[in-house]
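Asks: The file below is start.txt, compact mmCIF, C-alpha atoms:
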# COMPACT_ATOMS: atom_id res chain seq x y z
CA MET A 146 108.26 23.23 -79.98
CA LEU A 147 109.36 20.05 -78.23
CA HIS A 148 107.19 18.22 -75.69
CA VAL A 149 109.07 16.20 -73.07
CA LYS A 150 107.92 13.86 -70.29
CA SER A 151 109.66 14.22 -66.94
CA PRO A 152 109.17 11.15 -64.68
CA ALA A 153 109.20 10.85 -60.91
CA LYS A 154 111.36 8.33 -59.06
CA ILE A 155 111.18 6.32 -55.88
CA ASN A 156 113.94 4.74 -53.80
CA LEU A 157 113.47 0.99 -53.39
CA PHE A 158 116.08 1.20 -50.66
CA LEU A 159 118.43 3.91 -49.38
CA LYS A 160 121.41 3.39 -47.09
CA VAL A 161 123.56 6.21 -45.73
CA LEU A 162 127.14 4.89 -45.56
CA LYS A 163 129.29 7.73 -44.26
CA LYS A 164 129.74 11.47 -44.10
CA ARG A 165 132.28 12.82 -46.55
CA THR A 166 134.90 15.46 -45.96
CA ASP A 167 133.04 17.80 -48.34
CA GLY A 168 129.98 17.73 -46.09
CA TYR A 169 127.91 15.40 -48.27
CA HIS A 170 127.07 11.77 -47.51
CA ASP A 171 127.96 8.61 -49.41
CA LEU A 172 124.85 6.61 -50.24
CA ALA A 173 123.82 3.28 -51.67
CA SER A 174 120.37 3.38 -53.20
CA LEU A 175 118.26 1.66 -55.82
CA PHE A 176 116.34 4.26 -57.82
CA GLN A 177 113.26 3.40 -59.87
CA THR A 178 111.24 5.62 -62.19
CA ILE A 179 107.45 5.50 -62.03
CA ASP A 180 104.72 6.60 -64.43
CA LEU A 181 104.00 9.86 -62.65
CA PHE A 182 105.09 12.65 -64.97
CA ASP A 183 105.58 16.37 -65.21
CA PHE A 184 105.34 17.68 -68.78
CA LEU A 185 107.66 20.23 -70.37
CA SER A 186 107.12 22.19 -73.58
CA ILE A 187 110.32 23.85 -74.81
CA GLN A 188 110.98 26.19 -77.73
CA THR A 189 113.73 28.59 -78.70
CA SER A 190 112.87 32.24 -78.09
CA ASP A 191 114.28 35.75 -78.08
CA LYS A 192 113.96 35.81 -74.27
CA ASN A 193 113.92 33.31 -71.43
CA SER A 194 110.61 32.50 -69.80
CA LEU A 195 109.24 29.76 -67.56
CA VAL A 196 105.51 29.36 -66.97
CA CYS A 197 104.07 26.74 -64.60
CA ASN A 198 100.56 25.63 -63.71
CA ASP A 199 101.57 25.52 -60.03
CA PRO A 200 101.50 29.11 -58.71
CA ASP A 201 103.53 28.09 -55.65
CA LEU A 202 106.49 26.85 -57.70
CA CYS A 203 109.42 29.26 -57.81
CA CYS A 204 110.17 29.99 -61.49
CA ASP A 205 113.07 32.38 -61.00
CA ARG A 206 116.74 31.61 -61.71
CA SER A 207 116.95 29.33 -58.66
CA ASN A 208 114.79 26.75 -60.45
CA LEU A 209 116.83 23.76 -61.64
CA ILE A 210 115.36 24.17 -65.12
CA TRP A 211 117.34 27.40 -65.50
CA LYS A 212 120.44 25.75 -64.07
CA ALA A 213 120.11 23.20 -66.90
CA VAL A 214 119.77 25.97 -69.50
CA ASP A 215 122.81 27.79 -68.09
CA LEU A 216 124.84 24.57 -68.03
CA PHE A 217 124.00 23.80 -71.66
CA ASN A 218 124.93 27.31 -72.78
CA LYS A 219 128.22 27.08 -70.90
CA LYS A 220 129.14 23.74 -72.49
CA ASN A 221 127.90 24.87 -75.91
CA ASN A 222 129.61 28.28 -75.67
CA SER A 223 126.29 29.91 -76.51
CA ASN A 224 123.68 32.29 -75.14
CA LEU A 225 120.52 30.58 -76.35
CA LYS A 226 117.17 31.50 -74.84
CA PHE A 227 114.10 29.34 -74.36
CA ALA A 228 110.41 29.66 -73.59
CA ILE A 229 109.45 26.76 -71.32
CA THR A 230 106.06 25.68 -70.03
CA LEU A 231 105.94 23.23 -67.13
CA LYS A 232 102.85 21.24 -66.20
CA LYS A 233 103.56 20.08 -62.67
CA ASN A 234 102.08 16.80 -61.40
CA ILE A 235 104.94 15.52 -59.20
CA PRO A 236 104.57 16.88 -55.64
CA LYS A 237 107.30 19.18 -54.39
CA GLU A 238 109.50 18.34 -51.36
CA ALA A 239 108.33 14.75 -51.56
CA GLY A 240 111.51 12.75 -52.28
CA LEU A 241 110.18 11.94 -55.76
CA GLY A 242 112.90 13.80 -57.67
CA GLY A 243 110.62 16.18 -59.55
CA GLY A 244 113.06 19.08 -59.72
CA SER A 245 115.98 16.87 -60.73
CA SER A 246 113.87 15.17 -63.37
CA ASN A 247 112.78 18.54 -64.76
CA ALA A 248 116.43 19.59 -65.04
CA ALA A 249 117.44 16.39 -66.85
CA SER A 250 114.49 16.64 -69.25
CA THR A 251 115.32 20.29 -69.96
CA LEU A 252 118.95 19.47 -70.67
CA TRP A 253 117.92 16.64 -72.99
CA GLY A 254 115.24 18.76 -74.66
CA ILE A 255 117.37 21.78 -75.51
CA ASN A 256 120.11 19.50 -76.83
CA GLU A 257 117.51 17.89 -79.09
CA LEU A 258 116.13 21.27 -80.20
CA THR A 259 119.58 22.55 -81.11
CA GLY A 260 120.68 19.64 -83.31
CA ASN A 261 121.50 16.84 -80.85
CA LYS A 262 125.13 17.95 -80.71
CA PHE A 263 125.99 16.18 -77.47
CA SER A 264 125.62 12.53 -76.47
CA LEU A 265 123.40 11.21 -73.70
CA GLN A 266 126.54 10.21 -71.81
CA GLN A 267 127.90 13.76 -72.02
CA LEU A 268 124.64 15.20 -70.74
CA GLN A 269 124.63 12.72 -67.88
CA GLU A 270 128.23 13.54 -66.93
CA TRP A 271 127.57 17.28 -67.01
CA SER A 272 124.35 17.08 -65.03
CA ILE A 273 126.07 16.36 -61.72
CA ALA A 274 126.81 20.10 -61.66
CA ILE A 275 123.06 20.70 -61.27
CA GLY A 276 122.36 18.16 -58.52
CA SER A 277 123.26 14.71 -57.24
CA ASP A 278 120.03 13.05 -58.42
CA VAL A 279 120.02 14.54 -61.93
CA PRO A 280 122.36 11.99 -63.59
CA PHE A 281 119.95 9.18 -62.66
CA PHE A 282 117.33 10.55 -65.03
CA PHE A 283 119.62 9.79 -67.98
CA SER A 284 119.68 6.11 -66.98
CA SER A 285 117.50 3.21 -68.10
CA GLY A 286 115.05 4.03 -65.32
CA THR A 287 116.27 1.40 -62.86
CA ALA A 288 119.70 2.17 -61.43
CA PHE A 289 121.98 1.49 -58.49
CA CYS A 290 123.27 4.89 -57.39
CA THR A 291 126.28 5.46 -55.16
CA GLY A 292 128.58 8.31 -54.13
CA LYS A 293 126.29 11.29 -53.47
CA GLY A 294 123.88 9.58 -55.84
CA GLU A 295 125.68 10.73 -58.96
CA ARG A 296 127.37 7.39 -59.76
CA VAL A 297 124.75 5.61 -61.79
CA GLU A 298 124.73 1.94 -62.82
CA SER A 299 121.72 1.18 -65.03
CA LEU A 300 120.02 -2.16 -64.41
CA PRO A 301 117.21 -4.10 -66.10
CA LEU A 302 113.76 -3.54 -64.65
CA ILE A 303 113.97 -5.65 -61.49
CA GLU A 304 110.28 -6.33 -61.15
CA SER A 305 107.07 -5.19 -62.77
CA SER A 306 105.22 -3.66 -59.86
CA GLN A 307 102.37 -1.35 -59.08
CA VAL A 308 102.60 0.71 -55.93
CA TRP A 309 100.79 3.62 -54.35
CA ILE A 310 102.30 7.03 -53.59
CA ALA A 311 101.05 9.02 -50.60
CA LYS A 312 102.23 12.48 -49.56
CA PRO A 313 101.07 14.37 -46.47
CA ASN A 314 100.04 17.99 -46.80
CA PHE A 315 103.56 19.21 -46.08
CA GLY A 316 106.99 18.69 -47.57
CA LEU A 317 110.49 18.17 -46.22
CA SER A 318 113.73 19.97 -46.98
CA THR A 319 116.41 17.64 -48.33
CA LYS A 320 119.09 19.91 -46.91
CA GLU A 321 117.53 19.84 -43.44
CA ILE A 322 117.16 16.07 -43.49
CA PHE A 323 120.83 15.49 -44.34
CA GLN A 324 121.95 18.10 -41.81
CA ASN A 325 120.32 15.94 -39.14
CA VAL A 326 121.86 12.61 -40.19
CA TYR A 327 124.16 11.39 -37.44
CA LEU A 328 126.30 8.29 -37.89
CA ASP A 329 127.86 6.72 -34.80
CA THR A 330 130.32 4.66 -36.83
CA GLN A 331 131.41 4.35 -40.42
CA ASN A 332 129.44 1.72 -42.31
CA PRO A 333 131.62 -1.41 -42.65
CA PHE A 334 130.03 -2.64 -45.91
CA VAL A 335 130.73 -1.68 -49.50
CA PRO A 336 127.71 -0.29 -51.42
CA SER A 337 127.24 -3.44 -53.53
CA PHE A 338 126.54 -5.43 -50.33
CA TYR A 339 123.15 -3.72 -50.03
CA LEU A 340 122.23 -4.27 -53.66
CA LYS A 341 122.97 -7.98 -53.25
CA GLN A 342 120.83 -8.07 -50.11
CA PHE A 343 117.95 -6.46 -51.96
CA LEU A 344 118.25 -8.77 -54.96
CA ASN A 345 118.41 -11.78 -52.63
CA GLU A 346 115.25 -10.51 -50.91
CA THR A 347 116.96 -10.23 -47.54
CA MET A 348 116.46 -6.43 -47.37
CA HIS A 349 113.45 -4.37 -48.41
CA ASP A 350 111.86 -0.99 -47.76
CA VAL A 351 114.91 0.30 -45.88
CA ASN A 352 115.46 4.06 -45.93
CA ASP A 353 117.93 5.44 -43.42
CA LEU A 354 116.53 8.95 -43.93
CA GLU A 355 113.09 7.90 -42.71
CA LYS A 356 114.08 7.79 -39.04
CA VAL A 357 115.57 11.30 -39.40
CA ALA A 358 112.34 12.57 -40.96
CA LEU A 359 110.21 10.95 -38.26
CA LYS A 360 112.29 12.67 -35.61
CA LEU A 361 111.99 16.07 -37.26
CA LYS A 362 108.30 15.64 -38.08
CA PRO A 363 106.69 13.24 -35.56
CA GLU A 364 103.35 13.64 -37.34
CA LEU A 365 104.83 11.56 -40.17
CA LEU A 366 104.60 8.50 -37.92
CA ASP A 367 100.83 8.98 -37.60
CA PHE A 368 100.64 9.33 -41.38
CA LYS A 369 102.60 6.11 -41.90
CA GLU A 370 100.47 4.24 -39.38
CA GLN A 371 97.36 5.46 -41.19
CA LEU A 372 98.74 3.98 -44.43
CA LEU A 373 99.60 0.67 -42.76
CA SER A 374 96.07 0.49 -41.35
CA LEU A 375 94.74 0.36 -44.92
CA GLY A 376 96.24 -3.12 -45.28
CA PHE A 377 99.36 -2.48 -47.36
CA ASP A 378 102.14 -5.08 -47.00
CA LYS A 379 104.95 -2.52 -46.89
CA VAL A 380 105.13 1.24 -46.41
CA TRP A 381 108.36 3.21 -46.58
CA MET A 382 109.48 6.78 -47.18
CA THR A 383 111.11 7.62 -50.51
CA GLY A 384 114.24 9.75 -50.70
CA SER A 385 114.30 12.53 -48.13
CA GLY A 386 110.49 12.53 -48.00
CA SER A 387 107.83 13.46 -47.25
CA ALA A 388 106.10 10.99 -49.62
CA PHE A 389 105.69 7.29 -48.81
CA VAL A 390 105.57 4.26 -51.09
CA CYS A 391 102.87 1.70 -50.30
CA LYS A 392 103.16 -1.82 -51.70
CA GLY A 393 100.58 -4.57 -51.73
CA ASN A 394 96.81 -4.71 -52.02
CA PRO A 395 94.92 -2.52 -49.56
CA SER A 396 92.15 -4.25 -47.67
CA GLN A 397 89.83 -1.28 -47.91
CA MET A 398 89.06 1.68 -50.13
CA VAL A 399 92.07 3.99 -50.33
CA PRO A 400 91.78 7.73 -49.62
CA SER A 401 91.97 10.21 -52.49
CA PHE A 402 95.46 11.38 -51.49
CA LEU A 403 96.96 8.07 -52.69
CA THR A 404 98.06 7.75 -56.31
CA LYS A 405 98.52 4.36 -57.99
CA VAL A 406 101.64 4.13 -60.18
CA LYS A 407 103.79 1.46 -61.80
CA TYR A 408 107.51 1.00 -62.35
CA ILE A 409 108.74 2.00 -65.81
CA ASN A 410 112.04 1.67 -67.64
CA LYS A 411 113.80 2.66 -70.88
CA ALA A 412 114.20 6.36 -70.22
CA LYS A 413 115.19 7.21 -73.79
CA LYS A 414 111.72 6.26 -74.99
CA TRP A 415 109.96 8.70 -72.67
CA TYR A 416 110.98 11.73 -74.66
Can I see the file as structure tokens?
Replies:
Amino acid sequence: MLHVKSPAKINLFLKVLKKRTDGYHDLASLFQTIDLFDFLSIQTSDKNSLVCNDPDLCCDRSNLIWKAVDLFNKKNNSNLKFAITLKKNIPKEAGLGGGSSNAASTLWGINELTGNKFSLQQLQEWSIAIGSDVPFFFSSGTAFCTGKGERVESLPLIESSQVWIAKPNFGLSTKEIFQNVYLDTQNPFVPSFYLKQFLNETMHDVNDLEKVALKLKPELLDFKEQLLSLGFDKVWMTGSGSAFVCKGNPSQMVPSFLTKVKYINKAKKWY
């Protein structure tokens, strides 16, 4: 049996550049892994099974873990079966990439269990077939992601930071968020422009999806204002939400729904 860590991610910034002809959107975003983990235990078996500690998580064939198993079998020309146990700590529908991370960790884990036949680069290239965020989880842990998010440029850890994660008691649908993104004009800047702005400290905590989420769920604004009232320097939504990242030192005791995390890097060492 192989035990695998599956980290969450946050978006340090996220810009929506344009809508593509295939219906998706081109993005420019800086992804960062944090030390909030799901845990996977994987072993070969005579039948497929997925057990999770979260009774609300769908464990049928729609789960991205099974999409990773199916993808591996297709590329390996095999019909291998696995018994998988998932301990879920990353909130669902939060913009923290839990499902994508689980898929990447599964793909890595079953490759390791079956003799490490394929390279990390191959797994990363294949994983776009599962979802746009999945390739990121084969990176160093800090990466500039463009295209739909599948073009991944690993970077050194930009800063050693501790932040807080806060999620309201509801989630958001990524599909619904992107369906409600409306761009008046095509963005005039190339993606690297925004990375340079961030590195030069002229742009921070920008997430173009946040205003869409606030429009769809106005109660998110009250939640954000509650977080700001605690004394954090910056509060911004991660990914397509509904979780927020809070940076700085709160001026008062934080509620129990906030989780303190830190940035981590070197993905290969997590496994």
Asks: With only C-alpha atoms as the basis for distance, which of A:Ser246, A:Thr259, A:Ser264, A:Ser385 is at the shortest distance from Pro280 in chain A?
Replies: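 Closest residue, counting only C-alpha atoms: A:Ser246.
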Asks: Which protein, DNA or RNA residues are at most 12 Å from (127.3, 19.8, -61.6) in the file's coordinates when you count all atoms listed in the file, listed as number ranges by chain?
Replies: A: 209, 212-213, 215-217, 219-220, 245, 248-249, 268-280, 293, 295
Asks: Can you list, as an NGL selection string, every protein, DNA or RNA residue that comes within 12 Å of Leu159 in chain A when you count all atoms listed in the file, leaving out same-chain residues fewer than 2 positions away?
Replies: :A and (155-157 or 161-162 or 170-177 or 240 or 289-291 or 293-294 or 336 or 339-340 or 343 or 348-356 or 381-386)
Asks: Taking into account all atoms listed in the file, which residue in the set A:Leu147, A:Ile210, A:Ile187, A:Leu265 is nearest to Thr230 in chain A?
Replies: A:Ile187
Asks: Given only C-alpha atoms as the basis, pick out the residue of A:Asn234, A:Ser299, A:Asn208, A:Gln371 nearest to Gly286 in chain A.
Replies: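 Among the listed residues, A:Ser299 lies closest to Gly286 in chain A.
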Asks: If you measure from CA of Lys407 in chain A to CA of Ser374 in chain A, what distance in Å do you get, rounded to one decimal?
Replies: 21.9 Å
Asks: Expressed in Å to a single decimal, how great is the separation between CA of Val308 in chain A and CA of Leu344 in chain A?
Replies: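 That distance, rounded to one decimal, is 18.3 Å.
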